[in-house]
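query.cif follows (mmCIF, C-alpha atoms):
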```cif
data_run
loop_
_atom_site.label_atom_id
_atom_site.label_comp_id
_atom_site.auth_asym_id
_atom_site.auth_seq_id
_atom_site.Cartn_x
_atom_site.Cartn_y
_atom_site.Cartn_z
CA MET A 1 0.00 0.00 0.00
CA SER A 2 1.30 3.43 -0.94
CA PHE A 3 0.32 6.43 1.14
CA THR A 4 1.86 9.62 2.46
CA LYS A 5 2.91 9.57 6.10
CA LEU A 6 1.87 13.02 7.23
CA THR A 7 3.49 12.38 10.60
CA GLU A 8 6.89 11.93 8.95
CA GLN A 9 6.79 15.09 6.86
CA PRO A 10 9.51 17.68 7.63
CA SER A 11 8.76 20.17 10.38
CA LYS A 12 7.75 23.67 9.32
CA TYR A 13 10.45 24.94 11.66
CA THR A 14 14.20 24.71 11.06
CA ASN A 15 17.41 25.34 13.00
CA LEU A 16 15.68 24.46 16.25
CA GLU A 17 18.96 24.20 18.10
CA GLN A 18 19.53 27.90 17.46
CA ARG A 19 16.19 28.99 18.95
CA LYS A 20 15.82 30.72 22.30
CA THR A 21 13.83 28.83 24.91
CA ARG A 22 10.88 31.23 24.68
CA ASP A 23 10.73 30.79 20.90
CA LEU A 24 10.76 27.01 21.22
CA LEU A 25 7.94 27.04 23.74
CA GLU A 26 5.76 29.47 21.79
CA GLU A 27 6.20 27.55 18.55
CA ILE A 28 5.37 24.20 20.19
CA ASN A 29 2.31 25.80 21.76
CA ARG A 30 1.28 27.25 18.40
CA GLU A 31 1.40 23.79 16.86
CA ASP A 32 -0.46 22.25 19.81
CA HIS A 33 -3.34 24.68 19.21
CA THR A 34 -4.05 22.93 15.90
CA VAL A 35 -4.72 19.57 17.51
CA PRO A 36 -8.26 20.10 18.91
CA ALA A 37 -9.50 21.22 15.50
CA ALA A 38 -8.15 18.02 13.92
CA VAL A 39 -9.81 15.95 16.65
CA GLY A 40 -13.07 17.83 16.21
CA LYS A 41 -13.33 16.63 12.62
CA CYS A 42 -13.28 13.05 13.92
CA ILE A 43 -16.31 13.39 16.20
CA PRO A 44 -18.83 11.64 13.89
CA LEU A 45 -16.74 8.46 13.78
CA ILE A 46 -15.91 8.70 17.49
CA GLU A 47 -19.65 8.92 18.12
CA ASP A 48 -20.30 5.77 16.10
CA LEU A 49 -17.57 3.90 17.95
CA VAL A 50 -18.85 5.00 21.36
CA GLU A 51 -22.36 3.81 20.50
CA VAL A 52 -20.99 0.37 19.65
CA ILE A 53 -18.87 0.29 22.81
CA VAL A 54 -21.85 1.09 25.04
CA GLU A 55 -23.90 -1.65 23.41
CA ARG A 56 -21.06 -4.16 23.90
CA LEU A 57 -20.51 -3.12 27.53
CA HIS A 58 -24.15 -3.89 28.23
CA ARG A 59 -23.51 -7.38 26.80
CA GLY A 60 -20.63 -7.85 29.23
CA GLY A 61 -18.00 -7.05 26.61
CA ARG A 62 -14.70 -5.28 27.12
CA VAL A 63 -12.69 -2.58 25.38
CA PHE A 64 -9.09 -3.32 24.42
CA TYR A 65 -6.59 -0.61 23.52
CA ILE A 66 -3.60 -2.11 21.73
CA GLY A 67 -0.53 -0.14 20.69
CA ALA A 68 3.24 0.26 20.81
CA GLY A 69 5.50 2.93 22.25
CA THR A 70 3.80 6.24 23.05
CA SER A 71 0.49 5.03 21.64
CA GLY A 72 0.52 1.89 23.77
CA ARG A 73 1.39 3.86 26.90
CA LEU A 74 -1.46 6.30 26.28
CA GLY A 75 -3.89 3.41 25.98
CA ILE A 76 -2.68 1.95 29.25
CA VAL A 77 -3.03 5.31 31.01
CA ASP A 78 -6.61 5.72 29.82
CA ALA A 79 -7.62 2.15 30.66
CA SER A 80 -6.02 2.26 34.09
CA GLU A 81 -7.91 5.42 35.03
CA CYS A 82 -11.36 3.96 34.30
CA PRO A 83 -11.72 1.85 37.50
CA PRO A 84 -10.83 4.61 39.99
CA THR A 85 -12.81 7.26 38.12
CA PHE A 86 -15.93 5.31 37.25
CA GLY A 87 -15.83 2.33 39.62
CA VAL A 88 -15.82 -0.22 36.80
CA PRO A 89 -14.01 -3.58 36.93
CA ASP A 90 -10.30 -3.59 36.16
CA ASP A 91 -10.90 -5.73 33.09
CA MET A 92 -13.58 -3.61 31.41
CA PHE A 93 -11.02 -1.36 29.66
CA ILE A 94 -7.68 -3.08 29.03
CA GLY A 95 -4.49 -1.55 27.67
CA LEU A 96 -1.98 -3.73 25.81
CA ILE A 97 1.48 -2.62 24.71
CA ALA A 98 4.00 -4.30 22.43
CA GLY A 99 6.74 -5.76 24.60
CA GLY A 100 4.49 -6.26 27.63
CA ASP A 101 4.37 -4.29 30.87
CA GLY A 102 8.13 -3.76 30.83
CA ALA A 103 7.68 -1.58 27.74
CA ILE A 104 5.62 0.92 29.73
CA ARG A 105 8.82 2.37 31.19
CA LYS A 106 11.49 1.29 28.73
CA ALA A 107 11.31 0.63 25.00
CA VAL A 108 11.58 -3.04 24.01
CA GLU A 109 13.53 -3.29 20.78
CA PHE A 110 11.60 -4.52 17.74
CA ALA A 111 8.60 -5.60 19.85
CA GLU A 112 6.26 -3.58 17.66
CA ASP A 113 7.47 -5.39 14.53
CA ASP A 114 6.01 -8.77 15.57
CA LYS A 115 2.71 -8.97 13.70
CA LYS A 116 1.62 -12.11 15.60
CA GLN A 117 2.33 -11.02 19.18
CA GLY A 118 -0.70 -8.76 19.32
CA ILE A 119 -2.86 -11.74 18.39
CA ARG A 120 -1.27 -13.84 21.13
CA ASP A 121 -1.78 -11.07 23.68
CA LEU A 122 -5.48 -10.83 22.82
CA LYS A 123 -5.97 -14.60 22.85
CA ASN A 124 -4.34 -14.81 26.28
CA LEU A 125 -7.10 -12.56 27.57
CA GLY A 126 -9.88 -14.55 25.95
CA ILE A 127 -10.89 -12.05 23.27
CA ASN A 128 -14.43 -12.71 22.02
CA LYS A 129 -17.20 -11.30 19.82
CA ASP A 130 -18.65 -9.15 22.62
CA ASP A 131 -15.40 -7.16 22.86
CA VAL A 132 -14.17 -4.09 20.98
CA VAL A 133 -10.51 -3.72 19.99
CA ILE A 134 -9.07 -0.28 19.26
CA GLY A 135 -5.65 -0.11 17.63
CA LEU A 136 -3.44 2.85 18.52
CA ALA A 137 -0.70 3.82 16.08
CA ALA A 138 0.14 7.37 15.05
CA SER A 139 1.95 6.02 11.99
CA GLY A 140 -0.83 3.60 11.16
CA THR A 141 1.69 0.95 10.16
CA THR A 142 2.72 -0.81 13.40
CA PRO A 143 2.74 -4.58 12.64
CA TYR A 144 1.90 -5.54 16.25
CA VAL A 145 -1.30 -3.49 15.99
CA VAL A 146 -2.24 -4.13 12.36
CA GLY A 147 -1.85 -7.89 12.80
CA ALA A 148 -4.08 -7.87 15.88
CA LEU A 149 -6.82 -5.88 14.15
CA ARG A 150 -6.70 -8.11 11.07
CA PHE A 151 -7.19 -11.16 13.28
CA CYS A 152 -10.14 -9.49 15.03
CA ARG A 153 -11.87 -8.63 11.78
CA GLU A 154 -11.49 -12.22 10.62
CA LYS A 155 -13.19 -13.30 13.85
CA LYS A 156 -15.99 -10.72 13.44
CA ILE A 157 -14.83 -8.74 16.47
CA VAL A 158 -15.50 -4.98 16.26
CA THR A 159 -12.38 -2.97 15.54
CA GLY A 160 -11.48 0.70 15.64
CA CYS A 161 -8.27 2.66 15.43
CA ILE A 162 -6.78 6.01 16.34
CA THR A 163 -4.11 7.16 13.91
CA CYS A 164 -2.82 10.35 12.34
CA ASN A 165 -2.16 9.08 8.81
CA PRO A 166 -5.09 8.71 6.40
CA GLY A 167 -4.97 5.67 4.13
CA SER A 168 -2.56 3.82 6.40
CA PRO A 169 -2.80 0.02 6.85
CA ILE A 170 -4.42 0.28 10.28
CA THR A 171 -7.43 2.05 8.76
CA GLU A 172 -7.96 -0.85 6.37
CA GLU A 173 -8.36 -3.22 9.32
CA SER A 174 -10.75 -0.99 11.30
CA ASP A 175 -14.53 -0.86 11.26
CA TYR A 176 -14.24 2.60 12.82
CA PRO A 177 -11.05 4.28 11.59
CA ILE A 178 -10.48 7.52 13.48
CA VAL A 179 -7.85 9.64 11.74
CA ALA A 180 -6.72 12.90 13.34
CA GLU A 181 -4.70 14.67 10.67
CA VAL A 182 -2.41 16.82 12.78
CA GLY A 183 0.30 17.10 10.11
CA SER A 184 4.02 17.26 10.64
CA GLU A 185 5.52 17.40 14.12
CA TYR A 186 7.55 20.27 15.56
CA VAL A 187 10.50 17.89 15.77
CA THR A 188 10.21 15.90 12.55
CA GLY A 189 8.72 12.47 13.19
CA SER A 190 8.34 12.90 16.96
CA THR A 191 4.81 11.57 17.23
CA ARG A 192 4.78 11.76 21.01
CA MET A 193 3.97 15.44 20.42
CA LYS A 194 0.90 16.51 18.40
CA SER A 195 0.00 12.97 17.38
CA GLY A 196 0.22 11.76 20.97
CA THR A 197 -1.86 14.70 22.16
CA ALA A 198 -4.55 13.92 19.59
CA GLN A 199 -4.64 10.29 20.64
CA LYS A 200 -4.92 11.25 24.31
CA LEU A 201 -7.82 13.61 23.61
CA ILE A 202 -9.67 10.97 21.61
CA LEU A 203 -9.08 8.29 24.26
CA ASN A 204 -10.49 10.68 26.88
CA MET A 205 -13.55 11.17 24.71
CA ILE A 206 -14.09 7.46 24.06
CA SER A 207 -13.81 6.21 27.63
CA THR A 208 -15.57 9.16 29.27
CA ALA A 209 -18.51 9.29 26.86
CA SER A 210 -18.88 5.50 26.90
CA LEU A 211 -18.97 5.27 30.69
CA ILE A 212 -21.30 8.25 31.06
CA ARG A 213 -23.66 6.51 28.63
CA PHE A 214 -23.14 3.29 30.61
CA GLY A 215 -24.54 5.04 33.68
CA ARG A 216 -21.38 5.72 35.66
CA VAL A 217 -21.93 9.46 36.17
CA LYS A 218 -24.83 11.23 37.90
CA GLY A 219 -25.33 14.86 36.93
CA ASN A 220 -21.68 15.67 36.41
CA ARG A 221 -20.32 13.78 39.40
CA MET A 222 -18.21 10.64 39.72
CA VAL A 223 -20.64 8.81 41.99
CA ASP A 224 -18.96 5.43 41.48
CA MET A 225 -15.34 6.50 41.99
CA GLN A 226 -13.17 4.23 44.10
CA LEU A 227 -12.40 5.73 47.50
CA SER A 228 -8.71 4.86 47.38
CA ASN A 229 -7.12 7.94 48.95
CA THR A 230 -7.82 10.93 51.18
CA LYS A 231 -8.47 13.27 48.26
CA LEU A 232 -11.21 11.02 46.90
CA TRP A 233 -12.83 10.58 50.32
CA GLU A 234 -12.94 14.36 50.65
CA ARG A 235 -14.39 14.72 47.16
CA ALA A 236 -17.04 12.13 47.97
CA GLN A 237 -17.95 13.98 51.17
CA ARG A 238 -18.39 17.22 49.24
CA ILE A 239 -20.61 15.59 46.63
CA ILE A 240 -22.89 14.08 49.28
CA SER A 241 -22.93 17.29 51.29
CA GLU A 242 -23.90 19.35 48.24
CA GLN A 243 -26.42 16.88 46.84
CA LEU A 244 -28.22 16.34 50.16
CA ASP A 245 -27.60 19.80 51.62
CA ILE A 246 -26.08 18.42 54.81
CA PRO A 247 -22.83 19.17 56.70
CA GLU A 248 -19.73 17.33 55.50
CA SER A 249 -19.38 15.67 58.89
CA GLU A 250 -22.78 14.03 58.41
CA ALA A 251 -21.89 13.19 54.82
CA LEU A 252 -18.80 11.36 56.05
CA LYS A 253 -20.86 9.25 58.43
CA LEU A 254 -23.20 8.25 55.61
CA LEU A 255 -20.29 7.49 53.31
CA LYS A 256 -18.67 5.22 55.89
CA LYS A 257 -21.99 3.46 56.42
CA HIS A 258 -22.91 2.88 52.77
CA GLY A 259 -19.48 2.71 51.11
CA SER A 260 -20.01 4.85 48.00
CA VAL A 261 -21.52 8.12 46.86
CA ARG A 262 -24.07 6.32 44.69
CA SER A 263 -25.22 4.13 47.57
CA VAL A 264 -25.70 7.13 49.86
CA LEU A 265 -27.69 9.08 47.27
CA GLU A 266 -29.84 6.07 46.36
CA GLN A 267 -30.57 5.33 50.01
CA LYS A 268 -31.71 8.91 50.58
CA ASN A 269 -33.78 8.99 47.39
CA ASN A 270 -35.46 5.70 48.27
CA GLY A 271 -35.95 6.76 51.86
#
```
Same coordinates, now as structure tokens:
Amino acid sequence: MSFTKLTEQPSKYTNLEQRKTRDLLEEINREDHTVPAAVGKCIPLIEDLVEVIVERLHRGGRVFYIGAGTSGRLGIVDASECPPTFGVPDDMFIGLIAGGDGAIRKAVEFAEDDKKQGIRDLKNLGINKDDVVIGLAASGTTPYVVGALRFCREKKIVTGCITCNPGSPITEESDYPIVAEVGSEYVTGSTRMKSGTAQKLILNMISTASLIRFGRVKGNRMVDMQLSNTKLWERAQRIISEQLDIPESEALKLLKKHGSVRSVLEQKNNG
């Protein structure tokens, strides 16, 4: 397949090493401002993908993010934040990265070039037709990801992707190909920059919208958040205090008794 890798095009800026710090920062920021507009153009396809995800979650399905390098790490970050934020099981959103967990901190050489490892990683987690698999690759060519998506399509498993290169191989293996055309990077080819930012924004949109639609937010509050630290206990107290118009001290007593914001609010509404 022949296509133009927009993410590998030369930067519009030259002689970066001669720039003053302020110039570097302002130019990077100027480029970053273009990212939300590129993401905005993707909303119709993101919407379609979210609708499918919600339907599959109600079936008991899961969402897999699968990627390499920066893309893989972003998927893991998003997936790992879903349980504490929305109180969902740890295996509802799952992030997979080429090279395994060790690659989260340190690059594993050539791991992304194994087109069969992604398939093995999915099989090890019992991938099935109720699941949704979203490939993450700014380049759109990562064999680890493309191979996994191709396998899923053969098995009639819903696939999506988040990339920054239109016409790339990953889009050919996706039922819902999301392409954020952010153009060339400030440092040529450094897709951890604008491309990574676009992927992060889209991942935020997918998981947040899906879990709101799945019933994990009330009003605009995280009523199912896991109470895993002092900050979250204090946040939960404030929510209960505001929603029930009671002192925070009383809210804390109710929270300790019932164990979650949702349980407290439901008890009061039913009472």
Kindly give the distance, in Å, that separates atom CA of Gly259 of chain A and atom CA of Asn220 of chain A, rounded to a single decimal.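 That distance, rounded to one decimal, is 19.7 Å.
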Please determine, counting all atoms listed in the file, which residue among A:Leu244, A:Ser11, A:Gly196, A:Ile178 has the shortest atom-to-atom distance to Ile46 of chain A. A:Ile178
Apply the PyMOL selection byres ((chain A and resi 6) around 6) to the file shown and report the selected residues as a list in words. Thr4, Lys5, Thr7, Glu8, Gln9, Asn165, Gly183 and Ser184 of chain A
Using all atoms listed in the file: which of A:Leu201, A:Val88, A:Ile157, A:Ala148 has the shortest distance to Val223 of chain A: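 That would be A:Val88, the residue with the smallest distance to Val223 of chain A.
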Determine the nearest neighbour of Asp130 of chain A from the options A:Met193, A:Glu55, A:Gly72, A:Val77, counting only C-alpha atoms.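 Result for the nearest residue to Asp130 of chain A: A:Glu55.
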Centre and edge lengths, as JSON, for the axis-aligned box enclosing every listed atom of segment 49-52 of chain A with 6 Å of padding on each of the six sides, in Å to one decimal?
```
{"center_x": -20.0, "center_y": 2.7, "center_z": 19.7, "size_x": 16.8, "size_y": 16.6, "size_z": 15.4}
```
